[in-house]
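> Quick one: this structure, given as structure tokens, is what I'll be asking you about.
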Amino acid sequence: MMKLNWLQFFSSLLIVSTIFFFFFSSVSRSSLPIHFYTTVETNFYHPLGRVNDDLNNLKPQEIIDYFYWSNASSCQLAHDFGGEMRKDPSGLDGQKAVCLDPQVRPPPGDCIIYSFGISNEWSFDEAMEAYGCRVFAFDPSMGKGNHNHSRNIQFFNIGLSDRDYTTEKGWQMKTLSSIYKLLVPFHGERIIDYLKIDIESAEWDVLPQLIPSGMFAKVRQLGVEFHLDNRGDTLEKIIWRVKAIKFIEDAGMIRFDSKYNMWAKRQITVLDLYEAPFCFEIAFYQYLPSSTPFNPVYTFSKH
């Protein structure tokens, strides 16, 4: 009789365990909070995640793989805004990826966009205006004064830099924090829902200054045209650029899109590449608690 009871006990335990296993294995990935699997995937699949924290010895292939990495699964709904169709080869140029997942999307009708680098190409800005955002556009190279481009696009004859100064050409350059303070009367102490930076290699001066300035806490999404190299750059200089991007990722920015510029290719000797893209459009987002104060604890030395 005792043997039969033990047999029944183990049989029941086996049945319960089987039911438990199949129930939890049937829970779909989509039933989990989006931030749960986003964070897990980002950390697990980061192309430099298995590389030693000392990035000084990166191989050329690791560098190019890092720029190509899109981490597309971290955003369930990414749309391209703006861009113009080009030929030879045919394709869209100038578009910016925007993540429309509910937790991080620019709220339609109540969003703020900073757009640096216009060069008389307004497609992204106009698309964001049509989406329902107020756009502040900046470019000192166009030779135009401050003006309203349209009802919800305001242009400023200012350039983005790592310090406030005036160039030999007479361009007024300011840091993001200085520009933000200048525009507080226009939009108040608001989160920048999308920060577009397309400033022809000057992004490498601006990005390392984002975190120590405190402005990192005010940017929900970031889209940057990165220039992988300039002619004559050393491998050490390119590795420094990898560090600059990984710096903001380590601080909380999650990459969700990367596209290379098919019209910007050349030989990159230092990476042993005969013909490779040297411009990449990379987009990121971060979760911003609405009531948590930001205390900058990261520092980054300029190369």
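To be explicit about the labels: the chains of the structure tokens are called A, B, and onward in the order shown, and within each one the residues are counted from 1, while ligands get numbers from 1 in the order they are shown.
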Need the shell around Leu55 of chain A: protein/DNA/RNA residues with any atom at most 9 Å away, counting only C-alpha atoms. Skip same-chain ones fewer than 5 positions apart. Format as JSON, numbers by chain?

{"A": [48, 239, 240, 242, 243]}

> At a cut-off of 6 Å, using only C-alpha atoms, what residues contact segment 102-114 of chain A? Leave out same-chain residues fewer than 5 positions from it and give the result as a list in words.

Gly132, Cys133, Arg134, Val135, Phe136, Ile192, Asp193, Tyr194 and Leu195 of chain A

> Atom CA of Leu77 of chain A and atom CA of Glu129 of chain A, how far apart in Å?

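Interatomic distance here is 19.3 Å.
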
> Nearest residue to Lys246 of chain A out of A:Leu207, A:Gly214, A:Gly188, A:Cys279, using only C-alpha atoms?

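Closest to Lys246 of chain A of all the choices is A:Leu207.
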
> Go through segment 205-271 of chain A and collect every residue that DSSP, computed from the backbone, puts in strand (DSSP E); the answer should be as a list in words.

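Selection result, strand (DSSP E) within segment 205-271 of chain A: Gln221, Leu222, Gly223, Val224, Glu225, Phe226, His227, Ile254, Arg255, Phe256, Asp257, Ser258, Lys259, Tyr260, Lys265, Arg266, Gln267 and Ile268 of chain A.
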
> May I have the residues within 9 Å of Asp257 of chain A as a PyMOL selection string, using only C-alpha atoms and disregarding those fewer than 4 positions away in the same chain?

chain A and resi 69-72+74-75+78+97-99+281-284

> Asp93 of chain A: which residues within 10 Å, counting only C-alpha atoms, same-chain residues fewer than 2 positions away excluded, as a short mmCIF file (atom, residue, chain, number, x, y, z; two decimals) with C-alpha atoms, in the first residue's frame?


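Result saved to out_29.cif:
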data_model
loop_
_atom_site.label_atom_id
_atom_site.label_comp_id
_atom_site.auth_asym_id
_atom_site.auth_seq_id
_atom_site.Cartn_x
_atom_site.Cartn_y
_atom_site.Cartn_z
CA GLY A 82 12.10 62.37 -44.55
CA GLY A 83 14.71 61.75 -47.22
CA GLU A 84 14.96 62.40 -50.94
CA MET A 85 15.18 59.84 -53.73
CA ARG A 86 18.58 59.79 -55.47
CA LYS A 87 19.95 58.01 -58.51
CA SER A 90 18.83 54.69 -56.60
CA GLY A 91 17.80 55.05 -53.00
CA GLN A 95 16.00 60.04 -43.88
CA LYS A 96 16.17 59.51 -40.11
CA ASN A 261 25.34 55.80 -46.84
CA MET A 262 25.63 54.11 -50.22
CA TRP A 263 26.84 57.35 -51.86
#

> Select from segment 56-236 of chain A everything DSSP, run on the backbone, classes as helix (DSSP H, G or I), then give the selection as a VMD selection string.

chain A and resid 56 to 57 60 to 68 72 to 74 123 to 131 140 to 142 176 to 187 203 to 210 215 to 218 235 to 236

> Given only C-alpha atoms as the basis, pick out the residue of A:Asp272, A:Asp125, A:Glu168, A:Asp162 nearest to Ser150 of chain A.

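Ranking A:Asp272, A:Asp125, A:Glu168, A:Asp162 by distance to Ser150 of chain A, first place goes to A:Asp125.
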
> So, with only C-alpha atoms as the atoms that count, which of A:Ile191, A:Glu203, A:Thr269, A:Asp233 lies closest to Gln286 of chain A?

A:Ile191

> Do you have the atom CA of Ile118 of chain A-atom CA of Glu200 of chain A distance handy?

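Atom CA of Ile118 of chain A sits 11.1 Å away from atom CA of Glu200 of chain A.
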